[in-house]
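A.B. asks: Dropping in start_26.cif, with mmCIF, N, CA and C atoms.
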```cif
data_protein
loop_
_atom_site.label_atom_id
_atom_site.label_comp_id
_atom_site.auth_asym_id
_atom_site.auth_seq_id
_atom_site.Cartn_x
_atom_site.Cartn_y
_atom_site.Cartn_z
N MET A 1 -35.01 162.25 -0.39
CA MET A 1 -36.38 162.37 0.07
C MET A 1 -37.27 162.62 -1.14
N THR A 2 -38.38 161.90 -1.21
CA THR A 2 -39.33 162.10 -2.30
C THR A 2 -40.42 163.06 -1.84
N ILE A 3 -41.22 163.53 -2.80
CA ILE A 3 -42.30 164.46 -2.48
C ILE A 3 -43.26 163.85 -1.47
N ASP A 4 -43.48 162.54 -1.55
CA ASP A 4 -44.40 161.89 -0.62
C ASP A 4 -43.85 161.83 0.80
N GLU A 5 -42.57 162.01 0.96
CA GLU A 5 -41.96 161.95 2.28
C GLU A 5 -41.88 163.31 2.97
N ILE A 6 -42.16 164.38 2.23
CA ILE A 6 -42.09 165.73 2.80
C ILE A 6 -43.38 166.01 3.55
N PRO A 7 -43.31 166.26 4.85
CA PRO A 7 -44.55 166.49 5.60
C PRO A 7 -45.17 167.84 5.27
N LEU A 8 -46.46 167.83 5.04
CA LEU A 8 -47.22 169.06 4.87
C LEU A 8 -47.63 169.52 6.26
N CYS A 9 -47.66 170.81 6.48
CA CYS A 9 -48.08 171.34 7.78
C CYS A 9 -49.58 171.14 7.93
N GLY A 10 -49.99 169.98 8.36
CA GLY A 10 -51.40 169.66 8.52
C GLY A 10 -51.94 168.97 7.29
N SER A 11 -53.12 168.41 7.40
CA SER A 11 -53.74 167.74 6.26
C SER A 11 -54.49 168.77 5.43
N PHE A 12 -54.97 168.35 4.27
CA PHE A 12 -55.76 169.25 3.43
C PHE A 12 -57.02 169.72 4.14
N ASP A 13 -57.51 168.93 5.07
CA ASP A 13 -58.75 169.27 5.76
C ASP A 13 -58.53 170.00 7.07
N SER A 14 -57.29 170.25 7.45
CA SER A 14 -57.03 170.90 8.73
C SER A 14 -57.06 172.42 8.59
N PRO A 15 -57.29 173.14 9.69
CA PRO A 15 -57.28 174.61 9.63
C PRO A 15 -55.93 175.16 9.17
N VAL A 16 -54.83 174.44 9.43
CA VAL A 16 -53.50 174.90 9.04
C VAL A 16 -53.39 174.99 7.53
N ALA A 17 -54.09 174.12 6.81
CA ALA A 17 -53.99 174.08 5.36
C ALA A 17 -54.93 175.06 4.68
N ARG A 18 -55.73 175.79 5.43
CA ARG A 18 -56.63 176.76 4.81
C ARG A 18 -55.82 177.90 4.21
N VAL A 19 -56.27 178.39 3.11
CA VAL A 19 -55.51 179.36 2.32
C VAL A 19 -55.91 180.78 2.67
N ALA A 20 -54.95 181.70 2.67
CA ALA A 20 -55.22 183.10 2.97
C ALA A 20 -55.61 183.83 1.69
N ILE A 21 -56.76 183.49 1.17
CA ILE A 21 -57.30 184.15 -0.02
C ILE A 21 -58.50 184.95 0.44
N PRO A 22 -58.57 186.23 0.09
CA PRO A 22 -59.72 187.03 0.53
C PRO A 22 -61.04 186.37 0.15
N GLY A 23 -61.94 186.27 1.11
CA GLY A 23 -63.25 185.71 0.85
C GLY A 23 -63.30 184.20 0.76
N ARG A 24 -62.19 183.53 0.98
CA ARG A 24 -62.14 182.06 0.87
C ARG A 24 -62.03 181.46 2.26
N ASP A 25 -62.96 180.59 2.61
CA ASP A 25 -62.90 179.95 3.91
C ASP A 25 -62.19 178.61 3.82
N GLU A 26 -62.91 177.60 3.44
CA GLU A 26 -62.37 176.25 3.41
C GLU A 26 -61.60 176.00 2.11
N PHE A 27 -60.55 175.21 2.22
CA PHE A 27 -59.84 174.74 1.05
C PHE A 27 -60.51 173.45 0.61
N TYR A 28 -60.15 172.95 -0.56
CA TYR A 28 -60.71 171.69 -1.04
C TYR A 28 -60.43 170.55 -0.06
N SER A 29 -61.32 169.57 -0.03
CA SER A 29 -60.96 168.32 0.62
C SER A 29 -59.92 167.65 -0.27
N TYR A 30 -59.17 166.73 0.25
CA TYR A 30 -58.14 166.06 -0.56
C TYR A 30 -58.76 165.40 -1.80
N PRO A 31 -59.85 164.62 -1.66
CA PRO A 31 -60.44 164.01 -2.86
C PRO A 31 -60.91 165.04 -3.88
N ASP A 32 -61.48 166.15 -3.42
CA ASP A 32 -61.90 167.21 -4.35
C ASP A 32 -60.71 167.85 -5.04
N TYR A 33 -59.63 168.06 -4.29
CA TYR A 33 -58.42 168.65 -4.88
C TYR A 33 -57.87 167.74 -5.97
N VAL A 34 -57.77 166.46 -5.68
CA VAL A 34 -57.26 165.49 -6.66
C VAL A 34 -58.15 165.49 -7.90
N ALA A 35 -59.47 165.46 -7.70
CA ALA A 35 -60.40 165.42 -8.83
C ALA A 35 -60.32 166.67 -9.69
N GLN A 36 -60.16 167.85 -9.06
CA GLN A 36 -60.19 169.11 -9.80
C GLN A 36 -58.82 169.59 -10.29
N ARG A 37 -57.73 169.11 -9.68
CA ARG A 37 -56.42 169.65 -10.02
C ARG A 37 -55.42 168.62 -10.52
N ILE A 38 -55.60 167.34 -10.19
CA ILE A 38 -54.61 166.33 -10.56
C ILE A 38 -55.15 165.35 -11.59
N ASP A 39 -56.36 164.85 -11.40
CA ASP A 39 -56.94 163.91 -12.36
C ASP A 39 -57.59 164.64 -13.53
N VAL A 40 -56.84 165.56 -14.12
CA VAL A 40 -57.33 166.34 -15.26
C VAL A 40 -56.28 166.32 -16.36
N PRO A 41 -56.68 166.50 -17.61
CA PRO A 41 -55.73 166.40 -18.73
C PRO A 41 -54.54 167.37 -18.65
N GLY A 42 -54.71 168.59 -18.11
CA GLY A 42 -53.64 169.57 -18.09
C GLY A 42 -52.59 169.36 -17.02
N TYR A 43 -52.84 168.46 -16.07
CA TYR A 43 -51.91 168.24 -14.95
C TYR A 43 -50.58 167.68 -15.45
N ARG A 44 -49.50 168.27 -14.96
CA ARG A 44 -48.14 167.78 -15.23
C ARG A 44 -47.39 167.79 -13.91
N PRO A 45 -46.91 166.64 -13.44
CA PRO A 45 -46.17 166.62 -12.17
C PRO A 45 -44.96 167.54 -12.19
N GLU A 46 -44.33 167.70 -13.35
CA GLU A 46 -43.17 168.59 -13.42
C GLU A 46 -43.55 170.05 -13.33
N GLY A 47 -44.84 170.36 -13.36
CA GLY A 47 -45.33 171.72 -13.17
C GLY A 47 -45.56 172.07 -11.71
N ILE A 48 -45.23 171.16 -10.80
CA ILE A 48 -45.37 171.40 -9.37
C ILE A 48 -44.00 171.76 -8.82
N VAL A 49 -43.91 172.90 -8.15
CA VAL A 49 -42.67 173.34 -7.52
C VAL A 49 -42.96 173.52 -6.03
N LEU A 50 -42.10 172.97 -5.19
CA LEU A 50 -42.28 173.08 -3.74
C LEU A 50 -41.18 173.93 -3.12
N ALA A 51 -41.54 174.64 -2.07
CA ALA A 51 -40.56 175.30 -1.20
C ALA A 51 -40.55 174.49 0.09
N VAL A 52 -39.37 174.05 0.48
CA VAL A 52 -39.24 173.20 1.66
C VAL A 52 -38.27 173.86 2.62
N HIS A 53 -38.67 173.92 3.90
CA HIS A 53 -37.80 174.45 4.94
C HIS A 53 -37.50 173.29 5.88
N GLY A 54 -36.24 172.87 5.91
CA GLY A 54 -35.91 171.66 6.66
C GLY A 54 -36.61 170.49 6.01
N ASN A 55 -37.47 169.84 6.75
CA ASN A 55 -38.26 168.74 6.21
C ASN A 55 -39.73 169.09 6.10
N THR A 56 -40.05 170.39 6.04
CA THR A 56 -41.45 170.81 6.03
C THR A 56 -41.77 171.54 4.72
N TRP A 57 -42.86 171.16 4.13
CA TRP A 57 -43.36 171.76 2.90
C TRP A 57 -44.02 173.08 3.29
N VAL A 58 -43.46 174.23 2.83
CA VAL A 58 -43.97 175.54 3.25
C VAL A 58 -44.56 176.37 2.11
N GLY A 59 -44.37 175.93 0.86
CA GLY A 59 -44.92 176.67 -0.27
C GLY A 59 -45.04 175.78 -1.48
N MET A 60 -45.89 176.19 -2.41
CA MET A 60 -46.09 175.41 -3.63
C MET A 60 -46.58 176.31 -4.75
N SER A 61 -46.15 175.98 -5.95
CA SER A 61 -46.70 176.58 -7.15
C SER A 61 -47.07 175.42 -8.07
N ALA A 62 -48.27 175.48 -8.64
CA ALA A 62 -48.75 174.44 -9.55
C ALA A 62 -49.14 175.07 -10.87
N THR A 63 -48.64 174.50 -11.96
CA THR A 63 -48.91 175.01 -13.29
C THR A 63 -49.36 173.87 -14.19
N SER A 64 -50.44 174.08 -14.91
CA SER A 64 -50.95 173.07 -15.85
C SER A 64 -50.74 173.55 -17.28
N LEU A 65 -50.73 172.59 -18.20
CA LEU A 65 -50.54 172.89 -19.62
C LEU A 65 -51.81 172.54 -20.39
N HIS A 66 -52.19 173.42 -21.30
CA HIS A 66 -53.43 173.24 -22.06
C HIS A 66 -53.15 173.44 -23.55
N PRO A 67 -52.61 172.40 -24.19
CA PRO A 67 -52.23 172.54 -25.60
C PRO A 67 -53.40 172.87 -26.52
N GLU A 68 -54.61 172.43 -26.16
CA GLU A 68 -55.77 172.72 -27.01
C GLU A 68 -56.06 174.21 -27.07
N ASP A 69 -55.66 174.96 -26.03
CA ASP A 69 -55.85 176.41 -25.99
C ASP A 69 -54.56 177.17 -26.23
N GLY A 70 -53.43 176.47 -26.28
CA GLY A 70 -52.14 177.12 -26.47
C GLY A 70 -51.66 177.92 -25.28
N ILE A 71 -52.15 177.54 -24.07
CA ILE A 71 -51.77 178.28 -22.86
C ILE A 71 -51.32 177.34 -21.75
N ALA A 72 -50.58 177.91 -20.83
CA ALA A 72 -50.32 177.28 -19.54
C ALA A 72 -51.12 178.07 -18.52
N PHE A 73 -51.49 177.40 -17.43
CA PHE A 73 -52.31 178.06 -16.42
C PHE A 73 -51.66 177.93 -15.06
N SER A 74 -51.49 179.06 -14.39
CA SER A 74 -50.96 179.08 -13.04
C SER A 74 -52.10 178.71 -12.10
N GLU A 75 -52.13 177.45 -11.70
CA GLU A 75 -53.22 176.95 -10.85
C GLU A 75 -53.22 177.64 -9.49
N MET A 76 -52.04 177.77 -8.92
CA MET A 76 -51.92 178.45 -7.62
C MET A 76 -50.46 178.61 -7.26
N THR A 77 -50.20 179.62 -6.48
CA THR A 77 -48.90 179.80 -5.84
C THR A 77 -49.22 180.25 -4.42
N GLY A 78 -48.68 179.53 -3.45
CA GLY A 78 -48.97 179.87 -2.07
C GLY A 78 -47.84 179.52 -1.15
N VAL A 79 -47.71 180.29 -0.09
CA VAL A 79 -46.68 180.09 0.93
C VAL A 79 -47.38 180.21 2.28
N LEU A 80 -47.03 179.31 3.21
CA LEU A 80 -47.57 179.39 4.56
C LEU A 80 -47.27 180.77 5.15
N GLY A 81 -48.21 181.30 5.91
CA GLY A 81 -48.07 182.63 6.50
C GLY A 81 -46.77 182.80 7.27
N SER A 82 -46.34 181.76 7.96
CA SER A 82 -45.12 181.84 8.76
C SER A 82 -43.85 181.99 7.92
N HIS A 83 -43.95 181.79 6.61
CA HIS A 83 -42.77 181.86 5.74
C HIS A 83 -42.90 182.94 4.67
N ARG A 84 -43.90 183.80 4.79
CA ARG A 84 -44.09 184.88 3.81
C ARG A 84 -43.12 186.02 4.09
N GLY A 85 -42.93 186.85 3.08
CA GLY A 85 -42.08 188.03 3.23
C GLY A 85 -40.61 187.78 2.95
N HIS A 86 -40.29 186.60 2.41
CA HIS A 86 -38.89 186.27 2.11
C HIS A 86 -38.66 186.00 0.64
N GLY A 87 -39.65 186.30 -0.20
CA GLY A 87 -39.49 186.12 -1.63
C GLY A 87 -39.79 184.72 -2.15
N LEU A 88 -40.36 183.86 -1.31
CA LEU A 88 -40.64 182.49 -1.76
C LEU A 88 -41.69 182.44 -2.87
N SER A 89 -42.75 183.22 -2.76
CA SER A 89 -43.78 183.23 -3.81
C SER A 89 -43.18 183.65 -5.14
N LEU A 90 -42.36 184.66 -5.11
CA LEU A 90 -41.71 185.13 -6.33
C LEU A 90 -40.82 184.04 -6.91
N ALA A 91 -40.02 183.40 -6.08
CA ALA A 91 -39.14 182.33 -6.55
C ALA A 91 -39.95 181.17 -7.14
N LEU A 92 -41.05 180.81 -6.49
CA LEU A 92 -41.89 179.74 -7.00
C LEU A 92 -42.50 180.10 -8.34
N LYS A 93 -42.97 181.33 -8.47
CA LYS A 93 -43.59 181.77 -9.73
C LYS A 93 -42.56 181.83 -10.85
N VAL A 94 -41.33 182.27 -10.54
CA VAL A 94 -40.27 182.30 -11.56
C VAL A 94 -39.97 180.88 -12.04
N ARG A 95 -39.91 179.92 -11.12
CA ARG A 95 -39.70 178.52 -11.52
C ARG A 95 -40.85 178.03 -12.40
N ALA A 96 -42.07 178.44 -12.08
CA ALA A 96 -43.22 178.08 -12.90
C ALA A 96 -43.08 178.65 -14.31
N ILE A 97 -42.64 179.88 -14.41
CA ILE A 97 -42.44 180.52 -15.71
C ILE A 97 -41.37 179.77 -16.50
N ARG A 98 -40.31 179.36 -15.85
CA ARG A 98 -39.27 178.56 -16.53
C ARG A 98 -39.82 177.24 -17.05
N PHE A 99 -40.66 176.59 -16.26
CA PHE A 99 -41.31 175.35 -16.69
C PHE A 99 -42.14 175.59 -17.94
N VAL A 100 -42.93 176.66 -17.94
CA VAL A 100 -43.80 176.99 -19.07
C VAL A 100 -42.96 177.25 -20.32
N ARG A 101 -41.91 178.02 -20.19
CA ARG A 101 -41.04 178.31 -21.34
C ARG A 101 -40.37 177.04 -21.87
N ALA A 102 -39.88 176.21 -20.96
CA ALA A 102 -39.22 174.96 -21.36
C ALA A 102 -40.19 174.02 -22.07
N ALA A 103 -41.47 174.11 -21.73
CA ALA A 103 -42.48 173.28 -22.37
C ALA A 103 -42.92 173.86 -23.72
N GLY A 104 -42.38 175.03 -24.09
CA GLY A 104 -42.65 175.63 -25.39
C GLY A 104 -43.88 176.50 -25.46
N TYR A 105 -44.36 176.95 -24.33
CA TYR A 105 -45.56 177.81 -24.31
C TYR A 105 -45.17 179.27 -24.25
N ARG A 106 -45.97 180.11 -24.89
CA ARG A 106 -45.77 181.56 -24.88
C ARG A 106 -46.61 182.27 -23.85
N TRP A 107 -47.74 181.65 -23.46
CA TRP A 107 -48.71 182.33 -22.61
C TRP A 107 -48.92 181.57 -21.31
N LEU A 108 -48.78 182.29 -20.21
CA LEU A 108 -49.09 181.78 -18.88
C LEU A 108 -50.21 182.65 -18.32
N VAL A 109 -51.33 182.04 -18.01
CA VAL A 109 -52.51 182.75 -17.52
C VAL A 109 -52.64 182.52 -16.02
N ALA A 110 -52.99 183.56 -15.29
CA ALA A 110 -53.20 183.46 -13.85
C ALA A 110 -54.45 184.25 -13.49
N PHE A 111 -55.23 183.70 -12.58
CA PHE A 111 -56.37 184.42 -12.02
C PHE A 111 -56.08 184.63 -10.55
N HIS A 112 -56.60 185.70 -10.01
CA HIS A 112 -56.46 185.93 -8.57
C HIS A 112 -57.63 186.77 -8.10
N HIS A 113 -57.85 186.71 -6.81
CA HIS A 113 -58.92 187.50 -6.22
C HIS A 113 -58.57 188.98 -6.38
N PRO A 114 -59.53 189.84 -6.74
CA PRO A 114 -59.22 191.25 -6.96
C PRO A 114 -58.72 191.99 -5.72
N ASP A 115 -58.92 191.43 -4.53
CA ASP A 115 -58.42 192.06 -3.31
C ASP A 115 -57.05 191.53 -2.88
N ASN A 116 -56.49 190.60 -3.65
CA ASN A 116 -55.20 190.02 -3.29
C ASN A 116 -54.07 190.88 -3.89
N ALA A 117 -53.83 192.02 -3.25
CA ALA A 117 -52.87 193.01 -3.77
C ALA A 117 -51.47 192.44 -3.89
N VAL A 118 -51.08 191.55 -2.99
CA VAL A 118 -49.74 190.98 -3.05
C VAL A 118 -49.57 190.16 -4.31
N ALA A 119 -50.53 189.27 -4.61
CA ALA A 119 -50.44 188.45 -5.82
C ALA A 119 -50.50 189.31 -7.08
N ILE A 120 -51.37 190.29 -7.09
CA ILE A 120 -51.49 191.17 -8.25
C ILE A 120 -50.18 191.91 -8.49
N GLY A 121 -49.61 192.47 -7.43
CA GLY A 121 -48.35 193.19 -7.56
C GLY A 121 -47.22 192.30 -8.05
N MET A 122 -47.12 191.10 -7.50
CA MET A 122 -46.07 190.18 -7.93
C MET A 122 -46.25 189.81 -9.40
N ASN A 123 -47.47 189.49 -9.79
CA ASN A 123 -47.70 189.12 -11.19
C ASN A 123 -47.39 190.28 -12.13
N ARG A 124 -47.73 191.49 -11.75
CA ARG A 124 -47.42 192.64 -12.60
C ARG A 124 -45.91 192.87 -12.71
N ARG A 125 -45.19 192.69 -11.59
CA ARG A 125 -43.73 192.82 -11.64
C ARG A 125 -43.11 191.78 -12.57
N LEU A 126 -43.76 190.64 -12.69
CA LEU A 126 -43.27 189.57 -13.56
C LEU A 126 -43.71 189.75 -15.02
N GLY A 127 -44.49 190.80 -15.30
CA GLY A 127 -44.88 191.07 -16.67
C GLY A 127 -46.28 190.64 -17.04
N PHE A 128 -47.04 190.10 -16.09
CA PHE A 128 -48.43 189.74 -16.39
C PHE A 128 -49.20 191.02 -16.65
N GLU A 129 -50.14 190.93 -17.55
CA GLU A 129 -51.01 192.07 -17.89
C GLU A 129 -52.45 191.70 -17.64
N ASP A 130 -53.25 192.70 -17.28
CA ASP A 130 -54.68 192.48 -17.13
C ASP A 130 -55.27 192.22 -18.49
N TYR A 131 -56.20 191.32 -18.53
CA TYR A 131 -56.86 190.97 -19.78
C TYR A 131 -58.35 191.20 -19.62
N ALA A 132 -58.89 192.08 -20.43
CA ALA A 132 -60.33 192.35 -20.39
C ALA A 132 -61.02 191.41 -21.36
N ARG A 133 -62.09 190.79 -20.89
CA ARG A 133 -62.82 189.84 -21.74
C ARG A 133 -63.70 190.55 -22.73
#
```
Can you present the structure in this file as structure tokens?
C.D. replies:
Amino acid sequence: MTIDEIPLCGSFDSPVARVAIPGRDEFYSYPDYVAQRIDVPGYRPEGIVLAVHGNTWVGMSATSLHPEDGIAFSEMTGVLGSHRGHGLSLALKVRAIRFVRAAGYRWLVAFHHPDNAVAIGMNRRLGFEDYAR
């Protein structure tokens, strides 16, 4: 089965695909997502990791590479609500870190909403540090 054959739970524009990020209502439309996350210089298909349950895509982590800045960027890590609490986000993030290391990068940067305690806690357990500008 290829990535294109794995069904996503709903389309990018459906309520099912909306993300549980504090203060975030709508997710990108598919064309906007492609324009902002895929048709960009840092996009690497090998930086996409999926969690699949049966034949259903239930989680994803996306990481981009930015050689001009010497960093990798954690674009997002997310798991459908029905599959949370089983360590999938952690497993996806660990795979992302392995991708970054294999690509020869020392720095992986992640941003998250300040009220997203789960993401903050997971990133801190993985060794991420707060960076003051």
A.B. asks: Would you please extract all strand (DSSP E) residues from range 24-71 of chain A, as assigned by DSSP on the backbone, and give them as a list of chain:residue names?
C.D. replies: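 Selection result, strand (DSSP E) within range 24-71 of chain A: A:Ile48, A:Val49, A:Leu50, A:Ala51, A:Val52, A:His53, A:Thr56, A:Trp57, A:Val58, A:Gly59, A:Met60, A:Ser61, A:Ala62, A:Thr63, A:Ser64, A:Leu65, A:His66, A:Ile71.
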A.B. asks: To one decimal place in Å, what is the distance between CA of Gln36 in chain A and atom N of Leu50 in chain A?
C.D. replies: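 Separating CA of Gln36 in chain A from atom N of Leu50 in chain A is a distance of 19.1 Å.
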A.B. asks: Using atom N of Ile48 in chain A and CA of Val94 in chain A as the two end points, give the distance in Å to one decimal.
C.D. replies: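 These atoms are spaced 12.2 Å apart.
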A.B. asks: Which polymer residues have any atom within 7 Å of an atom of Ala96 in chain A, counting only N, CA and C atoms, with same-chain residues fewer than 4 positions away left out, as an MDAnalysis selection string?
C.D. replies: chainID A and resid 47 49 61:63 91:92 100:101
A.B. asks: One decimal, Å: what's the distance from atom N of Phe128 in chain A over to atom N of Arg106 in chain A, could you say?
C.D. replies: 13.4 Å
A.B. asks: Using only C-alpha atoms, pick whichever of A:Ile120, A:Ala110, A:Leu88, A:Ala51 has the shortest atom-to-atom distance to Met76 in chain A.
C.D. replies: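 Among the listed residues, A:Ala110 lies closest to Met76 in chain A.
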A.B. asks: I want to know what sits within 12 Å of Gly127 in chain A, based on only C-alpha atoms, with residues of the same chain fewer than 5 positions away left out; could you give that as number ranges by chain?
C.D. replies: A: 93-94, 97, 107-110, 120-122
A.B. asks: Quick one: residues within 10 Å of Gly104 in chain A, only C-alpha atoms counted, chain neighbours fewer than 4 positions away excluded, as number ranges by chain?
C.D. replies: A: 70-72, 98-100
